[in-house]
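Colleague: Structure file protein.csv, CSV, C-alpha atoms (C1' of nucleotides), is pasted below:
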chain,number,residue,atom,x,y,z
A,284,MET,CA,-4.2,10.8,36.8
A,285,ASN,CA,-5.0,9.8,33.3
A,286,ALA,CA,-5.0,6.1,32.3
A,287,LEU,CA,-4.0,6.9,28.8
A,288,HIS,CA,-0.9,8.8,29.9
A,289,LEU,CA,2.2,7.3,28.5
A,290,ASP,CA,4.2,7.4,31.7
A,291,ASN,CA,1.5,5.5,33.5
A,292,GLN,CA,1.6,2.6,31.2
A,293,LEU,CA,3.6,-0.5,32.2
A,294,CYS,CA,3.7,-1.6,28.6
A,295,PHE,CA,5.8,1.4,27.7
A,296,ALA,CA,8.2,0.8,30.6
A,297,VAL,CA,8.7,-2.8,29.4
A,298,HIS,CA,9.0,-1.7,25.8
A,299,ALA,CA,11.6,1.0,26.7
A,300,ALA,CA,13.6,-1.4,28.9
A,301,SER,CA,13.7,-4.0,26.1
A,302,ARG,CA,15.0,-1.5,23.6
A,303,ALA,CA,17.6,-0.2,26.1
A,304,PHE,CA,18.9,-3.7,26.6
A,305,ASP,CA,18.9,-4.2,22.9
A,306,ALA,CA,20.9,-1.0,22.3
A,307,LEU,CA,23.6,-2.0,24.9
A,308,TYR,CA,23.9,-5.5,23.6
A,309,ARG,CA,24.2,-4.2,20.1
A,310,ARG,CA,27.5,-2.5,21.0
A,311,GLN,CA,28.9,-5.5,22.8
A,312,LEU,CA,27.9,-7.9,20.0
A,313,THR,CA,29.0,-6.1,16.9
A,314,GLU,CA,32.6,-7.2,17.7
A,315,LEU,CA,31.3,-10.8,17.8
A,316,GLY,CA,29.5,-10.3,14.5
A,317,LEU,CA,26.1,-11.0,16.1
A,318,THR,CA,22.8,-9.2,16.5
A,319,TYR,CA,21.0,-9.6,19.8
A,320,PRO,CA,18.4,-12.1,18.5
A,321,GLN,CA,21.2,-14.1,16.9
A,322,TYR,CA,23.0,-14.1,20.3
A,323,LEU,CA,19.9,-15.5,21.9
A,324,VAL,CA,19.9,-18.3,19.4
A,325,MET,CA,23.6,-19.0,20.1
A,326,LEU,CA,22.9,-19.0,23.8
A,327,VAL,CA,20.5,-21.8,23.4
A,328,LEU,CA,22.8,-23.8,21.1
A,329,TRP,CA,25.8,-23.4,23.4
A,330,GLU,CA,23.6,-25.0,26.0
A,331,ARG,CA,22.3,-27.9,23.9
A,332,GLU,CA,22.6,-29.1,20.3
A,333,PRO,CA,21.6,-30.2,17.9
A,334,LEU,CA,18.1,-28.6,18.0
A,335,SER,CA,15.4,-28.5,15.4
A,336,VAL,CA,14.1,-25.1,14.3
A,337,LYS,CA,10.9,-26.1,16.1
A,338,GLU,CA,12.8,-26.6,19.4
A,339,LEU,CA,14.7,-23.4,19.0
A,340,GLY,CA,11.4,-21.6,18.4
A,341,THR,CA,9.9,-23.1,21.6
A,342,ALA,CA,12.8,-22.0,23.7
A,343,LEU,CA,12.8,-18.5,22.3
A,344,ARG,CA,9.1,-18.2,21.5
A,345,LEU,CA,9.8,-17.4,17.9
A,346,ASP,CA,8.2,-18.9,14.8
A,347,SER,CA,9.9,-20.1,11.6
A,348,GLY,CA,9.1,-16.8,9.9
A,349,THR,CA,11.6,-15.2,12.2
A,350,LEU,CA,14.0,-18.1,12.7
A,351,SER,CA,14.4,-19.3,9.1
A,352,PRO,CA,16.1,-16.2,7.7
A,353,LEU,CA,18.0,-15.6,11.0
A,354,LEU,CA,19.5,-19.1,10.8
A,355,LYS,CA,20.3,-18.6,7.2
A,356,ARG,CA,22.4,-15.6,8.2
A,357,LEU,CA,24.1,-17.5,11.0
A,358,GLU,CA,24.9,-20.3,8.5
A,359,ALA,CA,26.2,-17.8,6.0
A,360,ALA,CA,28.4,-16.4,8.8
A,361,GLY,CA,29.8,-20.0,9.3
A,362,LEU,CA,28.5,-20.3,12.9
A,363,VAL,CA,25.9,-23.0,12.4
A,364,ASP,CA,25.1,-25.9,10.1
A,365,ARG,CA,21.6,-27.0,9.0
A,366,GLU,CA,20.6,-30.5,7.8
A,367,ARG,CA,17.4,-32.4,7.5
A,368,ASP,CA,16.8,-34.9,10.3
A,369,PRO,CA,17.2,-38.3,8.7
A,370,ALA,CA,14.7,-39.7,11.2
A,371,ASP,CA,12.1,-37.1,10.2
A,372,GLU,CA,12.6,-35.3,7.0
A,373,ARG,CA,10.3,-32.5,8.0
A,374,SER,CA,12.7,-31.3,10.7
A,375,VAL,CA,15.9,-29.4,10.2
A,376,LEU,CA,18.6,-29.9,12.8
A,377,VAL,CA,20.7,-26.9,13.7
A,378,ARG,CA,24.2,-27.5,15.1
A,379,LEU,CA,27.2,-25.4,15.9
A,380,THR,CA,30.2,-25.3,13.6
A,381,PRO,CA,33.6,-25.4,15.4
A,382,GLU,CA,33.8,-21.7,14.8
A,383,GLY,CA,30.3,-21.3,16.3
A,384,ALA,CA,31.4,-23.3,19.4
A,385,ARG,CA,34.6,-21.3,19.7
A,386,LEU,CA,32.6,-18.0,19.8
A,387,ARG,CA,31.2,-19.1,23.2
A,388,GLU,CA,34.5,-18.1,24.9
A,389,ARG,CA,34.4,-14.6,23.5
A,390,ALA,CA,30.7,-14.3,24.7
A,391,GLU,CA,31.5,-15.5,28.2
A,392,PRO,CA,32.3,-12.1,29.7
A,393,LEU,CA,29.1,-10.5,28.3
A,394,PRO,CA,26.4,-11.4,30.9
A,395,GLY,CA,28.6,-10.2,33.7
A,396,ARG,CA,29.2,-6.9,32.0
A,397,MET,CA,25.5,-6.5,31.2
A,398,LEU,CA,24.5,-7.4,34.8
A,399,GLU,CA,26.9,-4.7,36.0
A,400,SER,CA,25.3,-2.2,33.7
A,401,THR,CA,21.9,-2.8,35.2
A,402,GLY,CA,23.1,-1.1,38.4
A,403,MET,CA,20.9,-3.4,40.5
A,404,SER,CA,21.6,-5.6,43.4
A,405,PRO,CA,21.3,-9.4,43.1
A,406,GLY,CA,18.2,-9.2,45.2
A,407,GLU,CA,16.6,-6.5,43.1
A,408,LEU,CA,17.5,-8.4,39.9
A,409,ALA,CA,16.0,-11.7,41.2
A,410,ASP,CA,12.7,-9.8,42.1
A,411,LEU,CA,12.5,-8.1,38.8
A,412,HIS,CA,13.3,-11.4,36.9
A,413,ALA,CA,10.5,-13.2,38.9
A,414,ALA,CA,8.0,-10.4,38.4
A,415,LEU,CA,8.6,-10.3,34.6
A,416,GLY,CA,8.2,-14.1,34.5
A,417,ARG,CA,4.8,-13.8,36.2
A,418,LEU,CA,3.8,-10.9,33.9
A,419,THR,CA,4.7,-12.8,30.8
A,420,ARG,CA,2.8,-15.9,31.9
A,421,SER,CA,-0.3,-13.8,32.7
A,422,LEU,CA,-0.2,-11.9,29.4
A,423,THR,CA,0.4,-15.1,27.5
A,424,GLU,CA,-2.5,-16.7,29.3
A,425,ALA,CA,-4.8,-13.7,28.6
A,426,ALA,CA,-3.9,-14.0,24.9
A,427,ARG,CA,-5.3,-17.5,24.6
B,66,MET,CA,24.5,-22.3,37.4
B,67,ASN,CA,25.6,-21.1,34.0
B,68,ALA,CA,25.8,-17.4,33.3
B,69,LEU,CA,25.2,-18.0,29.6
B,70,HIS,CA,21.9,-19.9,30.3
B,71,LEU,CA,18.9,-18.3,28.6
B,72,ASP,CA,16.7,-18.7,31.7
B,73,ASN,CA,19.2,-16.8,33.8
B,74,GLN,CA,19.3,-13.8,31.6
B,75,LEU,CA,17.3,-10.8,32.6
B,76,CYS,CA,17.5,-9.5,29.1
B,77,PHE,CA,15.5,-12.4,27.8
B,78,ALA,CA,12.8,-12.0,30.5
B,79,VAL,CA,12.4,-8.3,29.5
B,80,HIS,CA,12.4,-9.2,25.8
B,81,ALA,CA,9.8,-11.9,26.3
B,82,ALA,CA,7.6,-9.7,28.4
B,83,SER,CA,7.8,-7.0,25.8
B,84,ARG,CA,6.7,-9.3,23.0
B,85,ALA,CA,3.9,-10.7,25.2
B,86,PHE,CA,2.5,-7.2,25.7
B,87,ASP,CA,2.9,-6.6,22.0
B,88,ALA,CA,0.9,-9.7,21.1
B,89,LEU,CA,-1.9,-8.9,23.5
B,90,TYR,CA,-2.1,-5.3,22.4
B,91,ARG,CA,-2.1,-6.4,18.7
B,92,ARG,CA,-5.5,-8.2,19.3
B,93,GLN,CA,-7.1,-5.2,21.0
B,94,LEU,CA,-5.7,-2.7,18.5
B,95,THR,CA,-6.6,-4.4,15.2
B,96,GLU,CA,-10.2,-3.2,15.6
B,97,LEU,CA,-9.0,0.3,16.1
B,98,GLY,CA,-6.8,-0.1,13.0
B,99,LEU,CA,-3.6,0.7,14.9
B,100,THR,CA,-0.4,-1.2,15.5
B,101,TYR,CA,1.1,-1.0,19.0
B,102,PRO,CA,3.8,1.6,18.1
B,103,GLN,CA,1.2,3.7,16.4
B,104,TYR,CA,-1.0,3.4,19.5
B,105,LEU,CA,2.0,4.8,21.5
B,106,VAL,CA,2.2,7.8,19.2
B,107,MET,CA,-1.5,8.4,19.5
B,108,LEU,CA,-1.3,8.2,23.3
B,109,VAL,CA,1.2,11.0,23.3
B,110,LEU,CA,-0.8,13.1,20.9
B,111,TRP,CA,-4.0,12.6,22.9
B,112,GLU,CA,-2.1,14.1,25.8
B,113,ARG,CA,-0.6,17.1,24.0
B,114,GLU,CA,-0.6,18.5,20.4
B,115,PRO,CA,0.6,19.7,18.1
B,116,LEU,CA,4.0,18.1,18.6
B,117,SER,CA,7.0,18.1,16.2
B,118,VAL,CA,8.5,14.8,15.1
B,119,LYS,CA,11.5,15.7,17.3
B,120,GLU,CA,9.3,16.1,20.4
B,121,LEU,CA,7.4,12.8,19.6
B,122,GLY,CA,10.8,11.1,19.2
B,123,THR,CA,12.0,12.4,22.6
B,124,ALA,CA,8.8,11.2,24.3
B,125,LEU,CA,9.0,7.7,22.8
B,126,ARG,CA,12.8,7.5,22.4
B,127,LEU,CA,12.4,6.9,18.7
B,128,ASP,CA,14.3,8.6,15.8
B,129,SER,CA,13.0,10.0,12.5
B,130,GLY,CA,13.9,6.8,10.7
B,131,THR,CA,11.2,5.0,12.7
B,132,LEU,CA,8.7,7.9,13.1
B,133,SER,CA,8.7,9.3,9.5
B,134,PRO,CA,7.2,6.2,7.9
B,135,LEU,CA,5.0,5.5,10.9
B,136,LEU,CA,3.5,9.0,10.8
B,137,LYS,CA,3.0,8.7,7.1
B,138,ARG,CA,0.9,5.6,7.7
B,139,LEU,CA,-1.1,7.4,10.4
B,140,GLU,CA,-1.6,10.3,8.0
B,141,ALA,CA,-2.8,7.9,5.2
B,142,ALA,CA,-5.2,6.4,7.7
B,143,GLY,CA,-6.6,9.9,8.3
B,144,LEU,CA,-5.7,10.1,12.0
B,145,VAL,CA,-3.1,12.9,11.9
B,146,ASP,CA,-2.1,15.8,9.8
B,147,ARG,CA,1.5,17.0,9.2
B,148,GLU,CA,2.6,20.5,8.3
B,149,ARG,CA,5.8,22.5,8.4
B,150,ASP,CA,6.1,24.8,11.4
B,151,PRO,CA,5.9,28.3,10.0
B,152,ALA,CA,8.1,29.5,12.8
B,153,ASP,CA,10.9,27.0,11.9
B,154,GLU,CA,10.6,25.4,8.5
B,155,ARG,CA,12.9,22.5,9.6
B,156,SER,CA,10.2,21.2,12.0
B,157,VAL,CA,7.1,19.3,11.1
B,158,LEU,CA,4.1,19.7,13.4
B,159,VAL,CA,1.9,16.6,13.9
B,160,ARG,CA,-1.7,17.1,15.0
B,161,LEU,CA,-4.8,15.0,15.3
B,162,THR,CA,-7.5,15.1,12.8
B,163,PRO,CA,-11.1,15.1,14.2
B,164,GLU,CA,-11.1,11.4,13.4
B,165,GLY,CA,-7.8,10.9,15.3
B,166,ALA,CA,-9.2,12.8,18.3
B,167,ARG,CA,-12.4,10.7,18.2
B,168,LEU,CA,-10.5,7.5,18.3
B,169,ARG,CA,-9.5,8.3,21.9
B,170,GLU,CA,-12.9,7.3,23.2
B,171,ARG,CA,-12.6,3.9,21.7
B,172,ALA,CA,-9.1,3.5,23.2
B,173,GLU,CA,-10.2,4.5,26.6
B,174,PRO,CA,-11.1,1.0,27.9
B,175,LEU,CA,-7.8,-0.5,26.7
B,176,PRO,CA,-5.4,0.3,29.6
B,177,GLY,CA,-7.9,-1.1,32.1
B,178,ARG,CA,-8.3,-4.3,30.3
B,179,MET,CA,-4.5,-4.6,29.8
B,180,LEU,CA,-3.9,-4.0,33.5
B,181,GLU,CA,-6.3,-6.7,34.3
B,182,SER,CA,-4.5,-9.1,32.0
B,183,THR,CA,-1.3,-8.6,34.0
B,184,GLY,CA,-2.9,-10.4,36.9
B,185,MET,CA,-0.9,-8.2,39.3
B,186,SER,CA,-1.9,-6.1,42.2
B,187,PRO,CA,-1.5,-2.3,42.1
B,188,GLY,CA,1.4,-2.6,44.5
B,189,GLU,CA,3.2,-5.2,42.4
B,190,LEU,CA,2.6,-3.1,39.3
B,191,ALA,CA,4.0,0.0,40.9
B,192,ASP,CA,7.1,-1.9,42.1
B,193,LEU,CA,7.7,-3.4,38.7
B,194,HIS,CA,7.1,-0.1,36.9
B,195,ALA,CA,9.6,1.6,39.2
B,196,ALA,CA,12.2,-1.2,38.8
B,197,LEU,CA,11.9,-1.0,35.0
B,198,GLY,CA,12.4,2.7,35.1
B,199,ARG,CA,15.6,2.3,37.2
B,200,LEU,CA,16.8,-0.4,34.8
B,201,THR,CA,16.2,1.6,31.7
B,202,ARG,CA,18.0,4.6,33.1
B,203,SER,CA,21.0,2.5,34.2
B,204,LEU,CA,21.2,0.8,30.8
B,205,THR,CA,20.9,4.1,28.9
B,206,GLU,CA,23.5,5.6,31.2
B,207,ALA,CA,25.9,2.6,30.5
B,208,ALA,CA,25.4,3.0,26.8
B,209,ARG,CA,26.7,6.6,26.8
C,273,DT,C1',-3.7,-49.5,3.4
C,274,DA,C1',-5.5,-45.2,1.7
C,275,DC,C1',-6.2,-40.8,2.8
C,276,DA,C1',-7.5,-36.9,5.7
C,277,DA,C1',-5.4,-34.3,9.3
C,278,DC,C1',-1.5,-32.7,11.1
C,279,DT,C1',3.4,-31.1,11.6
C,280,DC,C1',7.6,-28.8,10.1
C,281,DG,C1',10.0,-25.4,7.6
C,282,DA,C1',10.2,-22.0,4.3
C,283,DT,C1',8.3,-17.9,1.9
C,284,DT,C1',5.8,-13.5,1.3
C,285,DG,C1',4.2,-9.3,2.9
C,286,DT,C1',3.7,-5.6,6.4
C,287,DG,C1',5.6,-2.9,9.9
C,288,DC,C1',9.0,-1.5,13.6
C,289,DA,C1',13.9,-0.2,15.0
C,290,DC,C1',18.1,1.7,14.1
C,291,DA,C1',22.5,3.2,11.6
C,292,DA,C1',24.3,6.0,8.1
C,293,DC,C1',23.5,9.4,5.0
C,294,DT,C1',21.1,13.5,2.5
C,295,DT,C1',18.8,17.9,2.2
C,296,DA,C1',17.1,22.0,3.8
C,297,DA,C1',16.7,25.5,7.4
C,298,DT,C1',18.6,27.9,11.2
C,299,DT,C1',22.2,29.7,14.3
C,300,DG,C1',26.3,31.7,16.0
C,301,DG,C1',31.2,33.1,16.0
C,302,DG,C1',34.7,35.7,13.5
D,107,DC,C1',27.3,39.9,7.5
D,108,DC,C1',28.8,35.5,6.1
D,109,DC,C1',29.7,30.8,6.2
D,110,DA,C1',30.7,26.8,9.1
D,111,DA,C1',28.4,24.1,12.4
D,112,DT,C1',24.2,22.5,14.0
D,113,DT,C1',19.5,20.8,13.8
D,114,DA,C1',15.2,18.6,11.8
D,115,DA,C1',13.1,15.3,8.6
D,116,DG,C1',13.4,12.2,5.4
D,117,DT,C1',15.6,8.2,2.8
D,118,DT,C1',18.0,3.8,2.3
D,119,DG,C1',19.5,-0.5,3.8
D,120,DT,C1',19.6,-4.3,7.2
D,121,DG,C1',17.5,-7.2,10.4
D,122,DC,C1',13.7,-8.7,13.6
D,123,DA,C1',8.7,-10.1,14.5
D,124,DC,C1',4.6,-12.0,13.1
D,125,DA,C1',0.4,-13.3,10.1
D,126,DA,C1',-0.9,-16.0,6.4
D,127,DT,C1',0.1,-19.4,3.2
D,128,DC,C1',2.4,-23.3,0.9
D,129,DG,C1',4.6,-27.8,0.0
D,130,DA,C1',6.6,-31.8,1.6
D,131,DG,C1',6.7,-35.3,5.0
D,132,DT,C1',4.3,-38.0,8.8
D,133,DT,C1',0.6,-40.0,11.5
D,134,DG,C1',-3.8,-41.8,12.8
D,135,DT,C1',-7.7,-44.1,11.7
D,136,DA,C1',-11.6,-45.8,9.1
Let me see the file written as structure tokens.
Modeller:
Amino acid sequence: MNALHLDNQLCFAVHAASRAFDALYRRQLTELGLTYPQYLVMLVLWEREPLSVKELGTALRLDSGTLSPLLKRLEAAGLVDRERDPADERSVLVRLTPEGARLRERAEPLPGRMLESTGMSPGELADLHAALGRLTRSLTEAAR
Amino acid sequence: MNALHLDNQLCFAVHAASRAFDALYRRQLTELGLTYPQYLVMLVLWEREPLSVKELGTALRLDSGTLSPLLKRLEAAGLVDRERDPADERSVLVRLTPEGARLRERAEPLPGRMLESTGMSPGELADLHAALGRLTRSLTEAAR
DNA sequence: TACAACTCGATTGTGCACAACTTAATTGGG
DNA sequence: CCCAATTAAGTTGTGCACAATCGAGTTGTA
């Protein structure tokens, strides 16, 4: 047993799973004209809008260095609008265009299909989801 | 319960955990002069060398588009050497320099510290590791 | 109220991930 | 034996992630 062995490292298992999800989503999302991180942004906006870049960043744990260009691409694709918040000119409010809102219907079947591709039972999925939540909190805590 | 809600999506939990690991590793690795993906490459080479780019890619599930520039940076840092395989001129064999081999000792304490930062028991870790393995296999299978 | 501290967002630079393509070497079937 | 198919690396282009930095707007306090 060697602690430096790749197969023994949880980090690699997480990394690999993340890329496997990403690859599967990529296929499903190309027909919607979205990348996976763009899809995550749309998920948040379908839930609640308008949101400032800051609020989006809090929800997705991303900073403006990632979000600014991503949102610019979503705007260029006609899916979102951006405007300065009149109440606080530092903030930029992001909202869905009608086309962005309409895209939700075409995205609706995605989570179900993805869930099916995991090949896991609802119980297993719940356990895994919970364990990952604990893990992320511990790692974030350790990084402070 | 809304299937499109971010918090209900396993994919986001995996994505977030992966980035949390990445962030914590980044801190530990800067003093070794490595990024996290470079560290993964070194892990494989510490285990077994020489390896062709192809074999490294199989172990890490990465293609030459990712590995070629990464290996070039490791070479520039003096940690690996690259040379064409005399037995098959298509292949490039990657091996550790003495400096690259020496770095292993400084990396030795890392997995233990990371494990500690997960805040999980060995049993929990084993379960999570196994679940992620099943997940990655299912997702990879579904993408075929 | 003046101004220092802070907040928000955008930008720049580095590196990873992957698709699509190119080039060179090898292999195998007719 | 020859050439078409295959294989291995590398290159190019796009997009994500993040650190560091900047400028404009806001806030708290002396």
Colleague: May I ask you to extract the residues of chain D within 7 Å of chain B, using all atoms listed in the file, and to give them as a list in words?
Modeller: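 Interface list for chain D against chain B: DA114, DA115 and DG116 of chain D.
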Colleague: Which protein, DNA or RNA residues have an atom at most 10 Å from (2.5, 9.5, 24.5), counting only C-alpha atoms (C1' of nucleotides)? List them as a ChimeraX atom specification.
Modeller: /A:287-292,295 /B:104-113,121-122,124-125
Colleague: Please determine the contact residues of chain C with respect to chain A at a cut-off of 7 Å, counting only C-alpha atoms (C1' of nucleotides), and supply them as JSON, numbers by chain.
Modeller: {"C": [280, 281, 282]}
Colleague: Go through A:Glu338, A:Asp305, A:Glu382, A:Glu358 one by one, measure the shortest atom-to-atom distance of each to chain B using only C-alpha atoms, and give the residue with the smallest value.
Modeller: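 For chain B, the nearest of the candidates is A:Asp305.
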Colleague: Kindly determine which residues of chain A lie within 8 Å of chain B, considering all atoms listed in the file, and give the answer as an NGL selection string.
Modeller: :A and (286-289 or 292-294 or 296-301 or 303-304 or 306-307 or 323 or 326-327 or 330 or 344 or 391 or 394-395 or 400-403 or 408 or 411-412 or 414-416 or 418-419 or 421-423 or 425-426)
Colleague: Can you work out the spacing between atom CA of Arg138 of chain B and atom CA of Asp150 of chain B in Å, to one decimal?
Modeller: 20.2 Å
Colleague: Can you list, as number ranges by chain, every protein, DNA or RNA residue that comes within 12 Å of Gly143 of chain B when you count all atoms listed in the file, leaving out same-chain residues fewer than 6 positions away?
Modeller: B: 98-99, 136-137, 160-168
Colleague: What's the separation between atom CA of Thr131 of chain B and atom C1' of DC290 of chain C, in Å to one decimal place?
Modeller: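 Atom CA of Thr131 of chain B sits 7.8 Å away from atom C1' of DC290 of chain C.
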Colleague: At what distance in Å, to one decimal, does atom CA of Arg178 of chain B lie from atom CA of Leu144 of chain B?
Modeller: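 Atom CA of Arg178 of chain B lies 23.4 Å from atom CA of Leu144 of chain B.
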Colleague: Please identify all polymer residues lying at most 6 Å from the point (21.9, 3.3, 7.5) (file coordinates), using all atoms listed in the file, and present the result as a JSON list (two decimals) with C-alpha atoms (C1' of nucleotides), in the frame of the given file.
Modeller:
[["chain", "number", "residue", "atom", "x", "y", "z"],
["C", 291, "DA", "C1'", 22.50, 3.20, 11.60],
["C", 292, "DA", "C1'", 24.30, 6.00, 8.10],
["D", 119, "DG", "C1'", 19.50, -0.50, 3.80]]
Colleague: Name all residues at most 12 Å from DG134 of chain D (count only C-alpha atoms (C1' of nucleotides); drop same-chain ones fewer than 5 positions away) and give them as a list in words.
Modeller: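 So the residues in contact are DA274, DC275, DA276, DA277 and DC278 of chain C.
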Colleague: Any idea what's packed within 10 Å of segment 299-302 of chain C, counting only C-alpha atoms (C1' of nucleotides), ignoring anything in its chain fewer than 6 positions away? Could you give it as a PyMOL selection string?
Modeller: chain D and resi 108+110-113
Colleague: Any chance you can output those residues with C-alpha atoms (C1' of nucleotides) as an mmCIF file, keeping the file's coordinate frame?
Modeller:
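As a result, result-v2.cif now contains:
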data_model
loop_
_atom_site.group_PDB
_atom_site.id
_atom_site.type_symbol
_atom_site.label_atom_id
_atom_site.label_comp_id
_atom_site.auth_asym_id
_atom_site.auth_seq_id
_atom_site.Cartn_x
_atom_site.Cartn_y
_atom_site.Cartn_z
ATOM 1 C "C1'" DC D 108 28.800 35.500 6.100
ATOM 2 C "C1'" DA D 110 30.700 26.800 9.100
ATOM 3 C "C1'" DA D 111 28.400 24.100 12.400
ATOM 4 C "C1'" DT D 112 24.200 22.500 14.000
ATOM 5 C "C1'" DT D 113 19.500 20.800 13.800
#
Colleague: Give the answer as one residue: which of A:Glu314, A:Pro369, A:Ser404, A:Val377 has the shortest atom-to-atom distance to DG131 of chain D, using all atoms listed in the file?
Modeller: A:Pro369
